[in-house]
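Listing of run-v5.tsv, TSV, C-alpha atoms
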chain	number	residue	atom	x	y	z
A	120	MET	CA	71.46	-51.94	252.32
A	121	ALA	CA	68.20	-51.68	254.27
A	122	ILE	CA	66.85	-54.51	256.39
A	123	LYS	CA	63.58	-54.67	258.35
A	124	ILE	CA	62.95	-57.64	260.60
A	125	SER	CA	60.18	-58.53	263.02
A	126	GLY	CA	60.01	-61.79	264.93
A	127	ARG	CA	62.39	-63.86	267.03
A	128	LEU	CA	65.91	-63.90	265.62
A	129	THR	CA	66.44	-67.59	266.32
A	130	ILE	CA	66.26	-70.60	264.07
A	131	GLY	CA	67.33	-74.21	264.38
A	132	GLY	CA	68.32	-76.63	261.68
A	133	LEU	CA	67.56	-74.33	258.70
A	134	PHE	CA	70.36	-74.10	256.18
A	135	PHE	CA	71.09	-71.79	253.26
A	136	ALA	CA	72.51	-73.34	250.09
A	137	LEU	CA	73.20	-72.17	246.57
A	138	LEU	CA	72.48	-75.45	244.79
A	139	LEU	CA	72.73	-75.87	241.06
A	140	MET	CA	70.41	-78.77	240.37
A	141	GLY	CA	69.55	-80.26	237.03
A	142	GLY	CA	66.26	-80.01	235.22
A	143	VAL	CA	62.67	-79.69	236.33
A	144	ARG	CA	61.75	-82.78	238.32
A	145	PRO	CA	58.26	-82.43	239.84
A	146	ALA	CA	56.71	-85.15	241.99
A	147	LEU	CA	53.03	-84.27	241.80
A	148	SER	CA	49.73	-85.55	243.12
A	149	GLN	CA	46.60	-85.74	240.99
A	150	ASP	CA	45.57	-82.29	242.21
A	151	ASP	CA	48.85	-80.64	241.16
A	152	ASP	CA	49.21	-78.53	238.04
A	153	LEU	CA	52.67	-77.78	236.58
A	154	ASN	CA	53.20	-75.49	233.60
A	155	SER	CA	56.65	-74.79	232.16
A	156	THR	CA	57.39	-72.79	229.04
A	157	SER	CA	60.74	-71.74	227.64
A	158	PHE	CA	62.02	-69.77	224.68
A	159	GLN	CA	65.63	-69.83	223.58
A	160	VAL	CA	67.63	-68.41	220.69
A	161	PRO	CA	71.43	-67.93	220.58
A	162	THR	CA	71.20	-64.52	222.29
A	163	HIS	CA	68.12	-64.84	224.51
A	164	PHE	CA	66.58	-67.25	227.01
A	165	TYR	CA	63.21	-67.04	228.72
A	166	GLN	CA	61.55	-69.61	230.99
A	167	VAL	CA	58.43	-69.60	233.15
A	168	ASP	CA	57.58	-72.35	235.65
A	169	THR	CA	54.37	-72.38	237.69
A	170	LEU	CA	53.07	-74.93	240.17
A	171	ASP	CA	49.64	-75.04	241.84
A	172	ALA	CA	49.04	-77.91	244.23
A	173	LEU	CA	46.47	-79.35	246.61
A	174	GLY	CA	48.33	-82.10	248.41
A	175	ALA	CA	51.85	-83.37	247.77
A	176	ALA	CA	54.05	-81.11	245.63
A	177	ASP	CA	57.71	-80.88	244.68
A	178	ILE	CA	59.38	-78.57	242.14
A	179	SER	CA	63.05	-78.28	241.20
A	180	THR	CA	64.37	-76.01	238.45
A	181	ASN	CA	67.71	-74.56	237.47
A	182	TYR	CA	69.33	-72.29	234.91
A	183	GLU	CA	73.03	-71.91	234.07
A	184	LEU	CA	74.70	-69.49	231.68
A	185	GLU	CA	78.28	-68.73	230.69
A	186	ASN	CA	79.19	-66.03	228.20
A	187	SER	CA	82.84	-65.84	227.19
A	188	THR	CA	84.80	-63.52	224.95
A	189	ASP	CA	88.48	-62.68	224.71
A	190	GLU	CA	87.97	-59.92	227.29
A	191	LEU	CA	85.29	-61.27	229.62
A	192	ILE	CA	83.83	-64.38	231.22
A	193	HIS	CA	80.42	-63.93	232.86
A	194	SER	CA	78.79	-67.01	234.37
A	195	LEU	CA	75.79	-67.47	236.62
A	196	GLY	CA	73.47	-70.11	237.99
A	197	PHE	CA	69.96	-70.06	239.44
A	198	ALA	CA	68.31	-72.85	241.42
A	199	LEU	CA	64.88	-73.25	243.02
A	200	ASN	CA	63.81	-76.25	245.10
A	201	PHE	CA	60.58	-76.48	247.12
A	202	SER	CA	58.23	-79.13	248.47
A	203	ALA	CA	55.01	-79.20	250.51
A	204	LEU	CA	53.64	-81.95	252.73
A	205	GLU	CA	50.03	-80.79	252.92
A	206	GLY	CA	47.81	-77.81	252.10
A	207	HIS	CA	47.81	-75.52	249.04
A	208	THR	CA	51.02	-74.37	247.34
A	209	ARG	CA	51.59	-71.86	244.54
A	210	ILE	CA	55.07	-71.28	243.08
A	211	VAL	CA	55.98	-69.03	240.14
A	212	SER	CA	59.55	-68.86	238.82
A	213	ILE	CA	60.56	-66.61	235.90
A	214	LEU	CA	64.04	-66.58	234.37
A	215	SER	CA	65.38	-64.52	231.49
A	216	SER	CA	68.71	-63.57	229.97
A	217	ALA	CA	69.47	-61.18	227.13
A	218	PRO	CA	72.66	-59.76	225.59
A	219	ALA	CA	74.29	-56.77	227.21
A	220	VAL	CA	77.50	-54.88	226.37
A	221	PRO	CA	79.71	-56.62	227.21
A	222	GLY	CA	78.44	-60.03	228.27
A	223	ASN	CA	74.91	-60.89	229.35
A	224	ARG	CA	72.32	-59.57	231.75
A	225	PHE	CA	70.23	-61.98	233.79
A	226	LYS	CA	66.94	-61.52	235.64
A	227	SER	CA	65.19	-63.94	237.96
A	228	PHE	CA	61.90	-63.59	239.80
A	229	ASN	CA	60.26	-66.12	242.09
A	230	SER	CA	57.15	-66.05	244.24
A	231	VAL	CA	56.17	-68.84	246.64
A	232	ALA	CA	52.96	-68.88	248.68
A	233	TYR	CA	51.46	-71.44	251.01
A	234	ASP	CA	47.95	-71.77	252.47
A	235	PRO	CA	47.64	-74.62	255.01
A	236	LEU	CA	43.86	-74.93	254.41
A	237	GLY	CA	43.25	-75.85	258.03
A	238	SER	CA	46.05	-78.43	258.14
A	239	SER	CA	49.39	-78.28	259.95
A	240	GLY	CA	51.41	-78.60	256.73
A	241	GLN	CA	54.61	-76.82	255.78
A	242	LEU	CA	56.23	-75.50	252.60
A	243	ALA	CA	60.02	-75.83	252.68
A	244	GLY	CA	62.77	-75.16	250.16
A	245	SER	CA	65.50	-72.82	248.95
A	246	VAL	CA	66.33	-70.37	246.16
A	247	GLY	CA	69.83	-69.31	245.16
A	248	THR	CA	71.60	-67.24	242.51
A	249	ALA	CA	75.38	-67.23	242.04
A	250	ALA	CA	77.30	-65.08	239.54
A	251	ASP	CA	80.95	-64.41	238.79
A	252	VAL	CA	82.95	-62.32	236.33
A	253	CYS	CA	86.58	-62.38	235.25
A	254	ALA	CA	87.65	-59.62	232.89
A	255	GLU	CA	90.60	-57.52	231.76
A	256	ASN	CA	90.09	-54.78	234.35
A	257	PHE	CA	87.89	-56.26	237.07
A	258	GLY	CA	86.79	-59.51	238.68
A	259	TRP	CA	84.05	-60.37	241.15
A	260	GLU	CA	81.87	-63.14	242.52
A	261	ALA	CA	78.53	-62.85	244.34
A	262	GLY	CA	75.80	-65.09	245.67
A	263	VAL	CA	72.33	-64.34	247.04
A	264	GLY	CA	69.46	-66.57	248.12
A	265	TYR	CA	67.28	-67.86	250.90
A	266	ALA	CA	66.00	-71.01	252.58
A	267	ALA	CA	62.56	-71.19	254.14
A	268	ALA	CA	60.12	-73.45	255.98
A	269	ILE	CA	56.81	-71.61	256.27
A	270	THR	CA	53.38	-72.67	257.53
A	271	ASP	CA	51.49	-69.76	255.95
A	272	GLY	CA	52.24	-66.70	253.83
A	273	ARG	CA	54.24	-65.54	250.82
A	274	ILE	CA	57.85	-64.87	249.75
A	275	VAL	CA	58.95	-62.79	246.75
A	276	SER	CA	62.52	-62.44	245.49
A	277	ASP	CA	64.23	-61.07	242.39
A	278	VAL	CA	67.83	-60.77	241.22
A	279	ARG	CA	69.48	-58.94	238.32
A	280	SER	CA	73.07	-59.65	237.31
A	281	GLU	CA	75.23	-57.78	234.78
A	282	PRO	CA	79.01	-57.88	234.25
A	283	SER	CA	79.54	-54.75	236.36
A	284	LYS	CA	76.84	-55.11	239.03
A	285	LEU	CA	74.32	-57.29	240.85
A	286	ASP	CA	71.04	-56.12	242.41
A	287	PHE	CA	68.68	-58.14	244.59
A	288	ASN	CA	65.39	-57.67	246.42
A	289	PHE	CA	63.68	-59.91	248.96
A	290	ALA	CA	60.36	-59.61	250.79
A	291	SER	CA	58.37	-62.03	252.92
A	292	GLU	CA	55.25	-61.92	255.01
A	293	ALA	CA	54.83	-65.37	256.41
A	294	GLN	CA	54.73	-67.55	259.49
A	295	GLY	CA	57.69	-69.87	259.86
A	296	GLN	CA	61.46	-69.92	259.47
A	297	ILE	CA	63.46	-67.94	256.90
A	298	ALA	CA	67.21	-67.46	256.39
A	299	VAL	CA	68.37	-64.85	253.83
A	300	GLU	CA	72.02	-64.65	252.81
A	301	SER	CA	74.10	-62.51	250.47
A	302	ASN	CA	77.86	-62.40	249.90
A	303	MET	CA	80.37	-61.01	247.44
A	304	VAL	CA	84.09	-60.79	246.79
A	305	SER	CA	85.97	-58.67	244.26
A	306	GLY	CA	89.69	-58.78	243.72
A	307	SER	CA	92.80	-57.47	242.05
A	308	ALA	CA	96.43	-58.50	241.96
A	309	ASN	CA	97.14	-56.53	245.15
A	310	ALA	CA	93.96	-56.60	247.24
A	311	TYR	CA	90.40	-57.79	247.46
A	312	GLN	CA	87.24	-56.79	249.30
A	313	SER	CA	84.49	-59.02	250.60
A	314	TYR	CA	81.02	-58.65	252.09
A	315	SER	CA	78.54	-61.06	253.65
A	316	ASN	CA	75.18	-60.65	255.36
A	317	GLN	CA	72.69	-63.10	256.87
A	318	VAL	CA	69.20	-62.55	258.25
A	319	ILE	CA	67.58	-65.37	260.24
A	320	VAL	CA	63.97	-65.20	261.43
A	321	ASP	CA	61.72	-67.71	263.21
A	322	GLY	CA	58.09	-66.93	263.91
A	323	ASP	CA	56.48	-63.87	262.34
A	324	ALA	CA	58.81	-63.89	259.34
A	325	LYS	CA	58.35	-60.38	257.95
A	326	VAL	CA	61.60	-59.47	256.19
A	327	THR	CA	62.49	-56.91	253.53
A	328	GLN	CA	65.98	-56.65	252.13
A	329	ARG	CA	67.36	-54.65	249.22
A	330	GLY	CA	70.95	-54.44	248.12
A	331	GLY	CA	73.37	-54.20	245.27
A	332	PHE	CA	77.00	-54.49	244.35
A	333	ILE	CA	78.62	-52.15	241.82
A	334	PHE	CA	82.14	-52.97	240.70
A	335	PRO	CA	84.40	-50.23	239.25
A	336	ASN	CA	86.70	-50.94	236.33
A	337	SER	CA	89.81	-50.48	238.44
A	338	LEU	CA	90.87	-54.03	239.27
A	339	SER	CA	93.35	-56.25	237.53
A	340	SER	CA	92.57	-59.47	235.65
A	341	LEU	CA	93.48	-61.65	238.69
A	342	CYS	CA	90.23	-62.90	240.20
A	343	ALA	CA	90.35	-63.24	243.97
A	344	TRP	CA	88.90	-66.76	244.02
A	345	GLN	CA	91.44	-68.27	241.59
Rendering of file as structure tokens:
Amino acid sequence: MAIKISGRLTIGGLFFALLLMGGVRPALSQDDDLNSTSFQVPTHFYQVDTLDALGAADISTNYELENSTDELIHSLGFALNFSALEGHTRIVSILSSAPAVPGNRFKSFNSVAYDPLGSSGQLAGSVGTAADVCAENFGWEAGVGYAAAITDGRIVSDVRSEPSKLDFNFASEAQGQIAVESNMVSGSANAYQSYSNQVIVDGDAKVTQRGGFIFPNSLSSLCAWQ
């Protein structure tokens, strides 16, 4: 895990949440442009949401998946929620899932950018991904995401989840407030291990964070959170 932070490590009133919200519900002005495309067959899902705005903008999207067999349950959820009061906003969110052995693999990518265009506006919102696995020989649960309120700049984040691991990357170069959080727990009948990390920045919000969890096939079928 490598973390690089510059700026004041203080923030007030900014919360991190992994919210699973329903549907795409934009509230757009006449200058906004929302494009959403999706492709789905029984073994594959692909969705792209983009939002360009001059003026009021609001985008909310989610994705949930559960793949179950006699030996494995792999479920995950992704949620993105942002809004802007004034200025120019550009948001791109890409989701995809495809079959893996066993279970499914999931990839998410999101990029949010805000240009105040001479105003004192702000882009605020949150992104979260949660995944959990219960199987014959291992069980784990993990969540990663961030909340932000920026006045200028860009944030990029991507997550990949498979039954035996989760990888995530986060980078921002913006002015404002950002809170990044990641946590995991894996368990067996006799013991469990947990990990959590939070980065909070206010001001010159330049943050890079990379991490991953790899889970060996050495745990029992008792999941720690049950």
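Relative to CA of Ser280 (chain A), CA of Phe225 (chain A) is found at 5.1 Å.
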Exercise. By how many Å are CA of Val231 (chain A) and CA of Val278 (chain A) apart?
Worked result: 15.2 Å
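Distance annotation: of A:Ala175, A:Val252, A:Ile269, A:Ala261, the residue with the minimal separation from Gln312 (chain A) is A:Ala261; atom set is only C-alpha atoms.
When CA of Ser239 (chain A) is paired with CA of Asp271 (chain A), their separation reads 9.6 Å.
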For this session: Write out as a PyMOL selection string which residues come within 8 Å of Val299 (chain A) when counting only C-alpha atoms, dropping same-chain ones fewer than 6 positions away.
Result: chain A and resi 135+263-266+317-319
Saved selection, atoms kept: C-alpha atoms, as an mmCIF file, keeping the file's coordinate frame:
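Done, and the output landed in result13.cif:
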data_model
loop_
_atom_site.group_PDB
_atom_site.id
_atom_site.type_symbol
_atom_site.label_atom_id
_atom_site.label_comp_id
_atom_site.auth_asym_id
_atom_site.auth_seq_id
_atom_site.Cartn_x
_atom_site.Cartn_y
_atom_site.Cartn_z
ATOM 1 C CA PHE A 135 71.090 -71.790 253.260
ATOM 2 C CA VAL A 263 72.330 -64.340 247.040
ATOM 3 C CA GLY A 264 69.460 -66.570 248.120
ATOM 4 C CA TYR A 265 67.280 -67.860 250.900
ATOM 5 C CA ALA A 266 66.000 -71.010 252.580
ATOM 6 C CA GLN A 317 72.690 -63.100 256.870
ATOM 7 C CA VAL A 318 69.200 -62.550 258.250
ATOM 8 C CA ILE A 319 67.580 -65.370 260.240
#
